[in-house]
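Text of the file target_7.cif, holding mmCIF, C-alpha atoms:
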data_protein
#
loop_
_atom_site.label_atom_id
_atom_site.label_comp_id
_atom_site.auth_asym_id
_atom_site.auth_seq_id
_atom_site.Cartn_x
_atom_site.Cartn_y
_atom_site.Cartn_z
CA MET A 240 -10.57 27.23 15.95
CA ASP A 241 -13.28 25.32 17.79
CA ARG A 242 -14.52 22.32 15.78
CA ARG A 243 -17.97 23.91 15.87
CA GLY A 244 -16.59 26.88 13.96
CA PHE A 245 -16.54 24.81 10.78
CA LEU A 246 -18.99 24.61 7.92
CA ARG A 247 -18.89 23.42 4.35
CA GLY A 248 -18.23 25.10 1.09
CA ALA A 249 -18.73 24.76 -2.67
CA GLY A 250 -17.66 25.05 -6.47
CA GLY A 251 -18.96 22.68 -9.45
CA LEU A 252 -22.09 21.40 -11.16
CA ALA A 253 -21.87 17.65 -11.73
CA LEU A 254 -24.12 16.27 -8.99
CA GLY A 255 -27.02 18.66 -9.48
CA ALA A 256 -27.45 17.52 -13.06
CA ALA A 257 -27.40 13.88 -11.95
CA LEU A 258 -30.49 14.24 -9.78
CA ALA A 259 -33.92 13.97 -11.34
CA GLY A 260 -35.87 17.15 -10.77
CA CYS A 261 -32.87 18.86 -9.22
CA GLY A 262 -31.68 21.11 -12.02
CA PRO A 263 -31.41 24.82 -11.30
CA ALA A 264 -34.91 25.86 -10.28
CA ARG A 265 -36.38 29.16 -11.45
CA ALA A 266 -39.58 30.79 -10.36
CA THR A 267 -41.78 32.53 -12.90
CA GLY A 268 -41.14 35.87 -11.25
CA GLY A 269 -37.38 35.46 -10.80
CA PRO A 270 -34.77 33.32 -9.04
CA VAL A 271 -35.77 30.87 -6.34
CA THR A 272 -34.41 31.93 -2.95
CA VAL A 273 -33.02 29.26 -0.62
CA GLU A 274 -32.77 30.35 3.01
CA VAL A 275 -29.78 28.78 4.78
CA TRP A 276 -29.16 28.93 8.51
CA HIS A 277 -25.43 28.30 8.30
CA GLY A 278 -24.58 28.27 12.02
CA GLN A 279 -21.00 29.45 11.51
CA THR A 280 -18.59 31.85 13.14
CA ASP A 281 -16.70 34.47 11.14
CA THR A 282 -14.07 32.12 9.68
CA GLY A 283 -16.54 29.57 8.32
CA LYS A 284 -18.91 32.29 7.16
CA LYS A 285 -16.17 33.97 5.13
CA VAL A 286 -15.36 30.76 3.26
CA LEU A 287 -19.04 30.07 2.67
CA ASP A 288 -19.63 33.60 1.34
CA GLU A 289 -16.92 33.09 -1.29
CA LEU A 290 -18.30 29.74 -2.36
CA VAL A 291 -21.90 30.94 -2.53
CA ALA A 292 -20.75 33.78 -4.78
CA ASP A 293 -19.33 31.16 -7.15
CA PHE A 294 -22.58 29.20 -6.99
CA HIS A 295 -24.55 32.29 -7.97
CA ARG A 296 -22.39 32.82 -11.05
CA THR A 297 -23.18 29.33 -12.35
CA HIS A 298 -26.77 29.03 -11.10
CA PRO A 299 -28.60 32.27 -12.01
CA GLY A 300 -31.97 30.68 -11.22
CA ILE A 301 -31.16 30.19 -7.52
CA ARG A 302 -30.21 32.71 -4.83
CA ILE A 303 -28.72 31.54 -1.52
CA ASP A 304 -29.70 33.68 1.47
CA LEU A 305 -27.25 33.15 4.34
CA GLY A 306 -29.09 35.45 6.71
CA GLY A 307 -30.98 34.44 9.82
CA GLY A 308 -30.40 31.56 12.15
CA VAL A 309 -27.92 31.31 15.02
CA LEU A 310 -24.53 29.78 15.74
CA ALA A 311 -24.49 26.00 15.48
CA ASP A 312 -24.42 25.45 19.26
CA ALA A 313 -27.90 27.00 19.53
CA MET A 314 -29.32 25.61 16.28
CA LEU A 315 -31.36 22.77 17.81
CA GLN A 316 -33.37 25.14 19.97
CA LYS A 317 -33.82 27.58 17.09
CA ILE A 318 -34.95 24.90 14.63
CA THR A 319 -37.28 23.28 17.17
CA ALA A 320 -39.04 26.62 17.69
CA ALA A 321 -39.16 27.28 13.95
CA LEU A 322 -40.75 23.90 13.22
CA ALA A 323 -43.35 24.49 15.93
CA SER A 324 -44.27 27.87 14.41
CA GLY A 325 -44.26 26.59 10.82
CA SER A 326 -41.69 29.18 9.73
CA PHE A 327 -38.39 27.43 9.06
CA PRO A 328 -35.46 27.75 6.63
CA ASP A 329 -34.82 25.57 3.60
CA ILE A 330 -31.46 24.32 4.94
CA ALA A 331 -29.94 24.35 8.43
CA TYR A 332 -26.59 23.23 9.83
CA VAL A 333 -27.53 20.59 12.41
CA PHE A 334 -25.11 18.67 14.61
CA GLY A 335 -25.12 14.95 13.89
CA SER A 336 -26.03 14.19 17.50
CA ASP A 337 -29.17 16.38 17.14
CA LEU A 338 -30.37 15.01 13.80
CA ALA A 339 -32.57 12.26 15.24
CA SER A 340 -34.58 14.79 17.22
CA VAL A 341 -34.97 17.14 14.26
CA ALA A 342 -35.77 14.34 11.78
CA ARG A 343 -38.91 13.41 13.71
CA SER A 344 -40.56 16.38 12.02
CA PRO A 345 -42.47 15.59 8.79
CA SER A 346 -41.01 18.82 7.39
CA VAL A 347 -37.55 17.24 7.11
CA VAL A 348 -36.91 16.09 3.55
CA ASP A 349 -35.69 12.57 2.75
CA VAL A 350 -32.45 13.02 0.79
CA THR A 351 -31.57 9.37 0.17
CA GLY A 352 -31.43 9.87 -3.59
CA LEU A 353 -29.27 12.95 -3.30
CA VAL A 354 -26.72 11.23 -1.06
CA ASP A 355 -26.78 8.07 -3.19
CA ALA A 356 -25.83 10.22 -6.19
CA GLY A 357 -23.06 11.91 -4.23
CA PRO A 358 -19.29 11.48 -4.41
CA GLY A 359 -19.20 8.31 -2.31
CA PHE A 360 -19.21 9.67 1.23
CA TRP A 361 -17.07 7.99 3.86
CA ALA A 362 -19.04 5.38 5.80
CA PRO A 363 -19.09 7.39 9.06
CA ALA A 364 -20.49 10.41 7.23
CA ARG A 365 -23.29 8.39 5.67
CA GLU A 366 -24.09 6.55 8.89
CA ALA A 367 -24.40 9.84 10.75
CA VAL A 368 -27.16 11.12 8.43
CA THR A 369 -29.23 7.90 8.36
CA VAL A 370 -32.22 7.65 10.69
CA ASN A 371 -34.25 4.43 10.71
CA GLY A 372 -32.86 3.43 7.33
CA ARG A 373 -33.61 6.77 5.63
CA VAL A 374 -31.07 9.43 4.79
CA ARG A 375 -32.35 12.60 6.45
CA ALA A 376 -29.50 15.04 5.81
CA VAL A 377 -26.38 15.64 3.73
CA PRO A 378 -22.94 15.36 5.40
CA ALA A 379 -21.55 18.81 6.11
CA LEU A 380 -18.40 18.30 8.19
CA LEU A 381 -16.19 15.32 8.94
CA ASP A 382 -13.53 14.82 11.60
CA SER A 383 -11.90 12.11 13.69
CA LEU A 384 -9.94 11.77 16.92
CA ALA A 385 -6.22 11.05 17.19
CA VAL A 386 -3.50 11.97 19.70
CA VAL A 387 -1.29 14.99 19.17
CA CYS A 388 2.05 14.79 20.98
CA ASN A 389 4.48 17.55 21.96
CA LYS A 390 7.76 16.17 20.61
CA GLU A 391 9.89 18.47 22.79
CA LEU A 392 8.28 17.23 26.01
CA PHE A 393 8.67 13.62 24.90
CA GLY A 394 12.34 14.32 24.23
CA LYS A 395 12.89 15.95 27.63
CA ALA A 396 11.32 12.93 29.33
CA ALA A 397 13.40 10.58 27.15
CA ILE A 398 10.21 8.80 26.01
CA PRO A 399 9.84 7.50 22.45
CA LEU A 400 6.83 8.77 20.56
CA PRO A 401 3.91 6.31 20.56
CA ALA A 402 3.51 4.00 17.59
CA GLU A 403 0.43 2.62 15.88
CA GLY A 404 -1.05 -0.23 17.90
CA TRP A 405 -0.26 1.24 21.32
CA THR A 406 -2.68 0.52 24.18
CA TRP A 407 -4.51 2.50 26.81
CA THR A 408 -2.13 1.00 29.36
CA ASP A 409 0.71 2.52 27.33
CA PHE A 410 -1.20 5.81 27.26
CA THR A 411 -1.64 6.06 31.04
CA ALA A 412 1.98 5.03 31.67
CA THR A 413 3.25 7.59 29.17
CA ALA A 414 1.08 10.34 30.66
CA LYS A 415 2.52 9.61 34.10
CA LYS A 416 6.11 9.81 32.79
CA LEU A 417 5.42 13.10 31.02
CA THR A 418 3.95 14.71 34.12
CA ASP A 419 6.23 17.11 36.01
CA PRO A 420 4.63 19.06 38.89
CA GLY A 421 7.75 21.19 39.18
CA THR A 422 7.23 22.71 35.75
CA GLY A 423 3.45 22.51 35.76
CA THR A 424 3.48 19.89 33.02
CA PHE A 425 0.70 17.33 32.64
CA GLY A 426 0.88 14.15 30.61
CA THR A 427 -2.52 14.65 29.01
CA ALA A 428 -5.81 16.52 29.34
CA TRP A 429 -9.55 15.85 29.43
CA PRO A 430 -12.61 18.14 29.38
CA ALA A 431 -14.33 18.07 32.77
CA THR A 432 -17.64 19.77 32.04
CA GLY A 433 -19.70 16.64 31.42
CA ASP A 434 -20.74 17.83 27.97
CA GLU A 435 -20.43 16.05 24.63
CA ASP A 436 -16.76 17.02 24.35
CA THR A 437 -16.19 15.12 27.60
CA VAL A 438 -18.14 12.08 26.45
CA TRP A 439 -17.25 11.37 22.85
CA ARG A 440 -13.62 10.66 23.78
CA LEU A 441 -14.79 7.61 25.72
CA TRP A 442 -16.87 5.93 23.02
CA PRO A 443 -13.87 4.48 21.12
CA MET A 444 -12.91 2.59 24.28
CA VAL A 445 -16.45 1.21 24.63
CA TRP A 446 -16.57 0.08 21.00
CA ASP A 447 -13.11 -1.47 21.17
CA LEU A 448 -14.21 -3.51 24.18
CA GLY A 449 -17.23 -4.84 22.27
CA GLY A 450 -19.85 -2.55 23.73
CA ASP A 451 -22.24 -0.15 22.06
CA VAL A 452 -23.95 3.07 23.06
CA ILE A 453 -27.43 1.55 22.89
CA GLY A 454 -28.17 -2.13 23.41
CA ALA A 455 -29.57 -4.42 20.74
CA ASN A 456 -33.16 -4.14 21.97
CA GLY A 457 -33.00 -0.34 22.00
CA ARG A 458 -34.34 -0.13 25.56
CA GLY A 459 -31.10 0.04 27.49
CA ILE A 460 -27.44 0.96 27.15
CA GLY A 461 -25.00 -1.46 25.60
CA PHE A 462 -21.91 -0.57 27.63
CA ALA A 463 -22.64 -1.37 31.28
CA GLY A 464 -19.57 -3.57 31.66
CA GLN A 465 -17.37 -1.92 29.04
CA GLY A 466 -18.09 1.49 30.55
CA VAL A 467 -16.55 0.43 33.87
CA ARG A 468 -13.32 -0.62 32.13
CA ALA A 469 -13.20 2.62 30.15
CA LEU A 470 -13.76 4.67 33.28
CA GLU A 471 -10.89 2.81 34.94
CA VAL A 472 -8.58 4.46 32.40
CA VAL A 473 -10.00 7.82 33.42
CA ARG A 474 -9.52 6.91 37.09
CA ASP A 475 -5.90 5.86 36.53
CA LEU A 476 -5.10 9.20 34.90
CA ALA A 477 -6.77 11.12 37.72
CA THR A 478 -5.13 9.06 40.47
CA ALA A 479 -1.69 9.67 38.96
CA LYS A 480 -2.50 13.39 38.70
CA SER A 481 -1.29 13.21 35.12
CA VAL A 482 -4.39 14.72 33.51
CA TYR A 483 -5.18 18.41 33.18
CA LEU A 484 -8.91 18.95 33.77
CA ASP A 485 -10.50 21.70 31.72
CA PRO A 486 -13.49 23.11 33.63
CA LYS A 487 -14.78 25.32 30.80
CA THR A 488 -16.99 24.42 27.85
CA GLY A 489 -15.14 24.32 24.54
CA SER A 490 -11.88 22.90 25.92
CA GLU A 491 -10.10 26.19 25.19
CA GLN A 492 -8.07 26.13 28.41
CA MET A 493 -6.58 22.70 27.83
CA TYR A 494 -5.67 23.57 24.26
CA GLN A 495 -4.08 26.81 25.43
CA ALA A 496 -2.07 24.82 27.96
CA PHE A 497 -0.97 22.39 25.25
CA GLU A 498 0.00 25.24 22.95
CA ALA A 499 1.98 26.80 25.82
CA GLY A 500 4.01 23.59 26.20
CA HIS A 501 2.45 22.36 29.45
CA ILE A 502 0.71 19.20 28.20
CA GLY A 503 2.51 16.26 26.64
CA MET A 504 -0.27 14.75 24.53
CA VAL A 505 -3.92 15.44 23.90
CA PRO A 506 -6.64 13.49 22.07
CA THR A 507 -8.12 15.96 19.59
CA GLY A 508 -9.22 16.42 16.01
CA PRO A 509 -7.79 18.01 12.87
CA TRP A 510 -9.46 21.32 13.66
CA GLN A 511 -6.80 21.98 16.32
CA LEU A 512 -3.73 21.59 14.08
CA PRO A 513 -3.65 25.18 12.74
CA ASP A 514 -3.58 26.64 16.26
CA ILE A 515 -0.94 24.15 17.39
CA ALA A 516 1.25 24.99 14.41
CA ASP A 517 0.75 28.74 14.93
CA ALA A 518 1.88 28.30 18.55
CA GLY A 519 5.20 26.91 17.29
CA ILE A 520 4.74 23.48 18.86
CA ASP A 521 6.84 20.75 17.25
CA TYR A 522 4.20 18.03 17.20
CA ALA A 523 3.46 14.54 15.96
CA VAL A 524 0.07 12.89 15.42
CA VAL A 525 -0.50 9.22 16.29
CA PRO A 526 -3.68 7.08 16.19
CA LEU A 527 -5.78 6.67 19.31
CA PRO A 528 -4.64 3.86 21.59
CA SER A 529 -6.88 0.85 22.07
CA PHE A 530 -7.29 -2.15 24.32
CA SER A 531 -7.10 -4.64 21.47
CA GLY A 532 -4.32 -3.19 19.33
CA ARG A 533 -6.81 -2.76 16.47
CA PRO A 534 -7.44 0.71 14.97
CA VAL A 535 -10.46 2.43 16.47
CA THR A 536 -11.62 6.03 16.62
CA ILE A 537 -14.72 8.21 16.51
CA SER A 538 -15.96 10.67 13.95
CA GLY A 539 -18.46 13.41 14.74
CA PRO A 540 -20.03 14.42 11.41
CA ASP A 541 -22.37 17.39 11.22
CA THR A 542 -25.11 17.84 8.66
CA TRP A 543 -27.00 20.02 6.23
CA THR A 544 -30.65 19.28 6.94
CA LEU A 545 -33.22 20.17 4.28
CA PHE A 546 -36.77 21.31 5.13
CA ASP A 547 -39.89 21.26 2.95
CA ASN A 548 -41.01 24.75 1.94
CA GLY A 549 -42.60 23.60 -1.29
CA GLU A 550 -41.48 21.68 -4.34
CA GLU A 551 -39.69 24.55 -6.04
CA ARG A 552 -37.59 25.53 -3.03
CA VAL A 553 -36.83 21.89 -2.19
CA ALA A 554 -35.54 21.36 -5.75
CA ALA A 555 -33.35 24.46 -5.51
CA ALA A 556 -32.03 23.40 -2.10
CA ARG A 557 -31.19 19.94 -3.45
CA THR A 558 -29.23 21.52 -6.29
CA PHE A 559 -27.24 23.64 -3.84
CA LEU A 560 -26.46 20.75 -1.48
CA SER A 561 -25.46 18.50 -4.37
CA TRP A 562 -23.09 21.19 -5.58
CA LEU A 563 -21.58 21.61 -2.12
CA ALA A 564 -20.80 17.90 -1.89
CA ASP A 565 -18.89 17.71 -5.16
CA PRO A 566 -15.13 17.13 -4.57
CA ALA A 567 -14.22 20.30 -6.48
CA GLN A 568 -16.11 22.31 -3.85
CA ASP A 569 -15.45 20.05 -0.92
CA VAL A 570 -11.67 20.42 -1.23
CA ARG A 571 -11.99 24.21 -1.17
CA TRP A 572 -14.03 24.06 2.01
CA ASP A 573 -11.67 21.54 3.61
CA ASP A 574 -8.66 23.72 2.88
CA GLY A 575 -10.33 26.93 3.99
CA ALA A 576 -12.24 25.84 7.06
CA GLY A 577 -10.67 22.67 8.41
CA SER A 578 -12.93 19.72 7.62
CA LEU A 579 -11.58 16.36 6.53
CA PRO A 580 -12.53 15.39 2.96
CA LEU A 581 -16.06 14.00 2.78
CA SER A 582 -15.06 11.33 0.27
CA ARG A 583 -12.07 9.45 -1.10
CA ARG A 584 -12.55 11.35 -4.35
CA THR A 585 -11.79 14.59 -2.53
CA GLN A 586 -8.86 12.97 -0.73
CA GLN A 587 -7.32 12.03 -4.09
CA LEU A 588 -7.45 15.53 -5.56
CA PRO A 589 -4.09 17.33 -6.05
CA ALA A 590 -5.34 20.25 -3.96
CA TRP A 591 -5.93 17.97 -0.95
CA GLN A 592 -2.60 16.23 -1.46
CA GLU A 593 -0.93 19.63 -1.41
CA LYS A 594 -2.79 20.48 1.80
CA THR A 595 -1.64 17.18 3.31
CA ALA A 596 1.99 17.80 2.37
CA GLY A 597 1.92 21.12 4.18
CA THR A 598 0.16 19.92 7.34
CA PRO A 599 2.13 17.40 9.42
CA GLY A 600 -0.05 14.69 10.91
CA LEU A 601 -3.14 15.38 8.82
CA PRO A 602 -3.02 12.00 7.02
CA VAL A 603 -3.39 10.23 10.39
CA PHE A 604 -6.82 11.79 10.86
CA VAL A 605 -7.91 10.87 7.33
CA ASP A 606 -6.60 7.31 7.60
CA ALA A 607 -8.53 6.94 10.85
CA LEU A 608 -11.79 7.32 8.92
CA GLU A 609 -11.33 3.75 7.68
CA SER A 610 -12.07 2.45 11.19
CA ALA A 611 -14.12 5.32 12.59
CA ARG A 612 -17.55 4.88 14.09
CA VAL A 613 -20.20 7.45 14.93
CA ARG A 614 -22.60 7.97 17.77
CA PRO A 615 -26.08 6.51 17.19
CA VAL A 616 -28.63 8.73 15.50
CA HIS A 617 -31.19 8.22 18.25
CA PRO A 618 -33.50 10.77 19.91
CA ALA A 619 -32.46 9.62 23.40
CA TYR A 620 -28.74 9.98 22.71
CA PRO A 621 -28.47 13.43 24.41
CA GLN A 622 -29.79 11.91 27.66
CA VAL A 623 -27.39 8.94 27.40
CA SER A 624 -24.53 11.34 26.76
CA ALA A 625 -25.47 13.53 29.72
CA ALA A 626 -25.54 10.52 32.03
CA LEU A 627 -22.11 9.35 30.88
CA GLY A 628 -20.74 12.87 31.10
CA THR A 629 -21.76 13.04 34.74
CA ALA A 630 -20.04 9.69 35.36
CA ILE A 631 -16.79 10.74 33.69
CA VAL A 632 -16.58 13.98 35.69
CA ALA A 633 -17.33 12.11 38.94
CA VAL A 634 -14.41 9.77 38.27
CA LEU A 635 -12.07 12.55 37.12
CA LEU A 636 -12.74 14.45 40.35
CA GLY A 637 -12.42 11.36 42.54
CA ARG A 638 -16.04 11.56 43.68
CA ALA A 639 -17.02 8.06 42.54
CA THR A 640 -15.44 4.77 41.61
CA PRO A 641 -15.82 3.61 38.01
CA ALA A 642 -18.32 0.94 39.08
CA ASP A 643 -20.46 3.35 41.12
CA ALA A 644 -20.34 6.06 38.45
CA MET A 645 -21.34 3.53 35.79
CA ARG A 646 -24.21 2.23 37.90
CA ASP A 647 -25.66 5.75 38.21
CA CYS A 648 -25.05 6.37 34.52
CA ALA A 649 -26.91 3.21 33.53
CA ALA A 650 -29.89 4.08 35.73
CA ALA A 651 -30.30 7.52 34.19
CA ALA A 652 -29.62 6.46 30.61
CA ASN A 653 -31.88 3.41 30.73
CA ALA A 654 -34.72 5.53 32.09
CA ALA A 655 -34.39 7.78 29.05
CA LEU A 656 -34.23 4.89 26.60
CA ILE A 657 -37.45 3.20 27.73
CA ILE A 658 -39.53 6.31 26.95
CA PRO A 659 -41.49 5.71 23.72
CA ARG A 660 -40.40 8.06 20.93
#
Now that the file is in, can you turn its structure into C-alpha cells?
Amino acid sequence: MDRRGFLRGAGGLALGAALAGCGPARATGGPVTVEVWHGQTDTGKKVLDELVADFHRTHPGIRIDLGGGVLADAMLQKITAALASGSFPDIAYVFGSDLASVARSPSVVDVTGLVDAGPGFWAPAREAVTVNGRVRAVPALLDSLAVVCNKELFGKAAIPLPAEGWTWTDFTATAKKLTDPGTGTFGTAWPATGDEDTVWRLWPMVWDLGGDVIGANGRGIGFAGQGVRALEVVRDLATAKSVYLDPKTGSEQMYQAFEAGHIGMVPTGPWQLPDIADAGIDYAVVPLPSFSGRPVTISGPDTWTLFDNGEERVAAARTFLSWLADPAQDVRWDDGAGSLPLSRRTQQLPAWQEKTAGTPGLPVFVDALESARVRPVHPAYPQVSAALGTAIVAVLLGRATPADAMRDCAAAANAALIIPR
C-alpha cells in the first residue's frame, strides 16, 4: 500500500463531550450532514465506512457523507477550486505539506481548542497542523522513516545488520558491500522523480547537520552548506552504483525490487511492512543512520482540515473529528489502515500492543517519533521541495556535483521564499 492510501478511522465519545459547543448537533428538520472529502483508495475507504457506521449508531443527530472529493494526491487542486467557488466540504483530507496553502483561506476553521482537548498528540503531529501559532487542522495520519533490511542478503554478504547509532558513512559502505551486479542486487534504493518522495528522505540529514528547511529570517533556505554534505551521500551511492533509481512516481518499482530480493536495504515507512511481509522477505527494521550518532528521522503527518459552512455544521464536524482522534477509534484505524498511533495513549492500548507483537520492526517506527521532525508548514515549501528534488536527481544521475546542484537549488528556493505571502 502506498502511504497516500491511508486515512483515519473512529469509535468512542469522550472528546466530543469535552468540547464546549461540540456535542452532537441536530438541525430542527433532522440530522446535520457533514460532507467529508476523504481522499482515500479502496482500502482506506473500507475501514472508514465501517467506522462511520459506528459513529452513526452513537450520534443520531449527525450524518457523515463520504461522497464527493478526489483521491488525496489531487485534493489540493480540488479544494483550491472549491474555496474559489464558495462551495466546499466540511472536512477534507489535506496533506501536511499543503496545509499552509489551504489555511490562508478564511474559511478554514481554527481547531486549537479541539486539538488541545485531544488525546495528547505526538509532537510531530501537532507541529504539522500548526500555522503561525494557530492549529488549523486535526492530525489524520502519522508515519516516520526507518531502514528496512533484507536479512537474507545481509547474510549472503556476511555483513552484520546495522545497529542503532550507525552513520551515513556506514550506510554507504554497507550499500556498496551488498551490491552484486552479477545477480542484479543493489545495496539500497532512492526515488529519482524529484517529487516529495525524493526530497523528504534528505531532510533528516539536513537537520542532523544543524540546518533547517527555511532560514531564521524566513527569506531564504537554511541548508545551503548542510545540503551539500547531504548530497555528497547521494553522490557516493550513485558513484558506487549501489543505489537503485526508481524513475516512476510512487516508488512502486523500487519496493517491488526490494520485495523480489534485489535490494539490500531501503529507507521507508511503516506503510510498506505489510507488502514486505506478504512477499515473504525475512526483514529487520533499524533506525535511520545519522552523521552525529544521535537519533533523527522525519514524520510526514497528514490532516483533517475543517471548513466553515455555518455554526451548526462546524459543531457537528468538530464532534466527528474529536471522536476520530480518541484512542479507542485511533487504534482501530491504525490496525486496519496502517497509520502509527497518533498519541502515546493509543500506543499503550492492548490492541496496539497486540498489533506490535505481530508486526516485526513496527516498534522502531513508533520509537522514532520521539526524535522526529516535520517539514515546515509554509506556503513556499512546495517550491523549496521542487528545487531540492531537482538537485537530488541531478546528483543521482551524475549530471551535477553536490555543490553545483545545491547552488541551483538555493537560487530557485530563495526566489520563492522572498515572495510576500
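Residue neighbourhood of region 297-306 of chain A, excluding near-sequence residues (fewer than 3 positions): Pro263, Ala264, Arg265, Pro270, Val271, Thr272, Val273, Glu274, Val275, Trp276, His277, Val291, Asp293, Phe294 and Ala555 of chain A, at 7 Å, using all atoms listed in the file.
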**OP:** Run the PyMOL selection byres ((chain A and resi 514) around 10) mentally over the shown coordinates, then write out the matched residues as number ranges by chain, using the chain letters and numbers from the document.
**Re:** A: 240-241, 494-495, 498, 510-513, 515-520
**OP:** Give me the result of the PyMOL selection byres ((chain A and resi 399) around 12) on this file, residue by residue, as a PyMOL selection string.
**Re:** chain A and resi 388-398+400-402+405+409+413+416-417+523
Subject >> Within 9 Å of Val634 (chain A) using only C-alpha atoms, minus same-chain residues under 5 positions, as a list in words >> reply: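 Those residues are Leu470, Glu471, Val473, Arg474, Ala477, Thr629, Ala639, Thr640, Pro641 and Ala644 of chain A.
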Original post:
Do you know which residues the PyMOL selection byres ((chain A and resi 372) around 12) returns on this file, as a list in words?
Top reply: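 Selected by the PyMOL selection byres ((chain A and resi 372) around 12) here: Ala339, Asp349, Val350, Thr351, Arg365, Glu366, Ala367, Val368, Thr369, Val370, Asn371, Arg373, Val374, Arg375 and Val616 of chain A.
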Subject >> Shell of 10 Å around Ser336 (chain A), all atoms listed in the file, local chain residues under 2 positions omitted, as a VMD selection string >> reply: chain A and resid 333 to 334 338 to 341 367 to 368 435 539 to 542 613 to 621 624
Neighbours of Phe327 (chain A) within 12 Å (all atoms listed in the file; same-chain residues fewer than 2 positions away dropped), as a PDB file with C-alpha atoms, keeping the file's coordinate frame?
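Everything below was put into around05.pdb:
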ATOM      1  CA  VAL A 273     -33.020  29.260  -0.620  1.00  0.00           C
ATOM      2  CA  GLU A 274     -32.770  30.350   3.010  1.00  0.00           C
ATOM      3  CA  VAL A 275     -29.780  28.780   4.780  1.00  0.00           C
ATOM      4  CA  TRP A 276     -29.160  28.930   8.510  1.00  0.00           C
ATOM      5  CA  GLY A 307     -30.980  34.440   9.820  1.00  0.00           C
ATOM      6  CA  GLY A 308     -30.400  31.560  12.150  1.00  0.00           C
ATOM      7  CA  MET A 314     -29.320  25.610  16.280  1.00  0.00           C
ATOM      8  CA  LYS A 317     -33.820  27.580  17.090  1.00  0.00           C
ATOM      9  CA  ILE A 318     -34.950  24.900  14.630  1.00  0.00           C
ATOM     10  CA  THR A 319     -37.280  23.280  17.170  1.00  0.00           C
ATOM     11  CA  ALA A 320     -39.040  26.620  17.690  1.00  0.00           C
ATOM     12  CA  ALA A 321     -39.160  27.280  13.950  1.00  0.00           C
ATOM     13  CA  LEU A 322     -40.750  23.900  13.220  1.00  0.00           C
ATOM     14  CA  ALA A 323     -43.350  24.490  15.930  1.00  0.00           C
ATOM     15  CA  SER A 324     -44.270  27.870  14.410  1.00  0.00           C
ATOM     16  CA  GLY A 325     -44.260  26.590  10.820  1.00  0.00           C
ATOM     17  CA  ASP A 329     -34.820  25.570   3.600  1.00  0.00           C
ATOM     18  CA  ILE A 330     -31.460  24.320   4.940  1.00  0.00           C
ATOM     19  CA  ALA A 331     -29.940  24.350   8.430  1.00  0.00           C
ATOM     20  CA  SER A 344     -40.560  16.380  12.020  1.00  0.00           C
ATOM     21  CA  SER A 346     -41.010  18.820   7.390  1.00  0.00           C
ATOM     22  CA  VAL A 347     -37.550  17.240   7.110  1.00  0.00           C
ATOM     23  CA  THR A 544     -30.650  19.280   6.940  1.00  0.00           C
ATOM     24  CA  LEU A 545     -33.220  20.170   4.280  1.00  0.00           C
ATOM     25  CA  PHE A 546     -36.770  21.310   5.130  1.00  0.00           C
ATOM     26  CA  ASP A 547     -39.890  21.260   2.950  1.00  0.00           C
ATOM     27  CA  ASN A 548     -41.010  24.750   1.940  1.00  0.00           C
ATOM     28  CA  GLY A 549     -42.600  23.600  -1.290  1.00  0.00           C
TER      29      GLY A 549
END
Take the point (-18.2, 13.9, 6.1) as written in the file and pick out every residue within 10 Å of it, counting only C-alpha atoms; give the list as a CSV table (one decimal) with C-alpha atoms, in the frame of the given file.
chain,number,residue,atom,x,y,z
A,247,ARG,CA,-18.9,23.4,4.4
A,360,PHE,CA,-19.2,9.7,1.2
A,361,TRP,CA,-17.1,8.0,3.9
A,362,ALA,CA,-19.0,5.4,5.8
A,363,PRO,CA,-19.1,7.4,9.1
A,364,ALA,CA,-20.5,10.4,7.2
A,365,ARG,CA,-23.3,8.4,5.7
A,366,GLU,CA,-24.1,6.6,8.9
A,367,ALA,CA,-24.4,9.8,10.8
A,368,VAL,CA,-27.2,11.1,8.4
A,377,VAL,CA,-26.4,15.6,3.7
A,378,PRO,CA,-22.9,15.4,5.4
A,379,ALA,CA,-21.6,18.8,6.1
A,380,LEU,CA,-18.4,18.3,8.2
A,381,LEU,CA,-16.2,15.3,8.9
A,382,ASP,CA,-13.5,14.8,11.6
A,538,SER,CA,-16.0,10.7,14.0
A,539,GLY,CA,-18.5,13.4,14.7
A,540,PRO,CA,-20.0,14.4,11.4
A,541,ASP,CA,-22.4,17.4,11.2
A,542,THR,CA,-25.1,17.8,8.7
A,564,ALA,CA,-20.8,17.9,-1.9
A,569,ASP,CA,-15.4,20.0,-0.9
A,578,SER,CA,-12.9,19.7,7.6
A,579,LEU,CA,-11.6,16.4,6.5
A,580,PRO,CA,-12.5,15.4,3.0
A,581,LEU,CA,-16.1,14.0,2.8
A,582,SER,CA,-15.1,11.3,0.3
A,608,LEU,CA,-11.8,7.3,8.9
Subject >> Contacts of Pro486 (chain A) within 9 Å, only C-alpha atoms, excl. fewer than 6 positions in-chain, as a PyMOL selection string >> reply: chain A and resi 430-432+492
**OP:** Quote the spacing between CA of Arg458 (chain A) and CA of Trp439 (chain A) in Å to one decimal place.
**Re:** 20.8 Å
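Taking CA of Pro328 (chain A) and CA of Asp312 (chain A) as endpoints, the distance between them is 16.9 Å.
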**OP:** Find the distance between CA of Glu609 (chain A) and CA of Thr427 (chain A) and write it in Å to one decimal.
**Re:**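 These atoms are spaced 25.5 Å apart.
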**OP:** Return the single residue from A:Val570, A:Leu448, A:Val386, A:Ala652 that is closest to Thr595 (chain A), with distances computed using all atoms listed in the file.
**Re:**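 Ranking A:Val570, A:Leu448, A:Val386, A:Ala652 by distance to Thr595 (chain A), first place goes to A:Val570.
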Subject >> From A:Thr558, A:Gln568, A:Thr282, A:Ser481, residue lying nearest Gly426 (chain A) [only C-alpha atoms] >> reply: A:Ser481
**OP:** Dump as an NGL selection string all residues having an atom at most 10 Å from (-6.8, 17.8, 22.9), computed in the file's coordinates with only C-alpha atoms.
**Re:** :A and (384-388 or 427-430 or 440 or 490-491 or 493-497 or 502 or 504-508 or 511)
Subject >> Which of A:Phe530, A:Trp572, A:Tyr332, A:Tyr483 sits closest to Ala469 (chain A) [using all atoms listed in the file] >> reply: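 That would be A:Phe530, the residue with the smallest distance to Ala469 (chain A).
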**OP:** Go through A:Thr418, A:Ser610, A:Thr280, A:Asn653 and flag the residue nearest Pro526 (chain A), using all atoms listed in the file for the distances.
**Re:**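 The answer is A:Ser610, which sits nearest to Pro526 (chain A).
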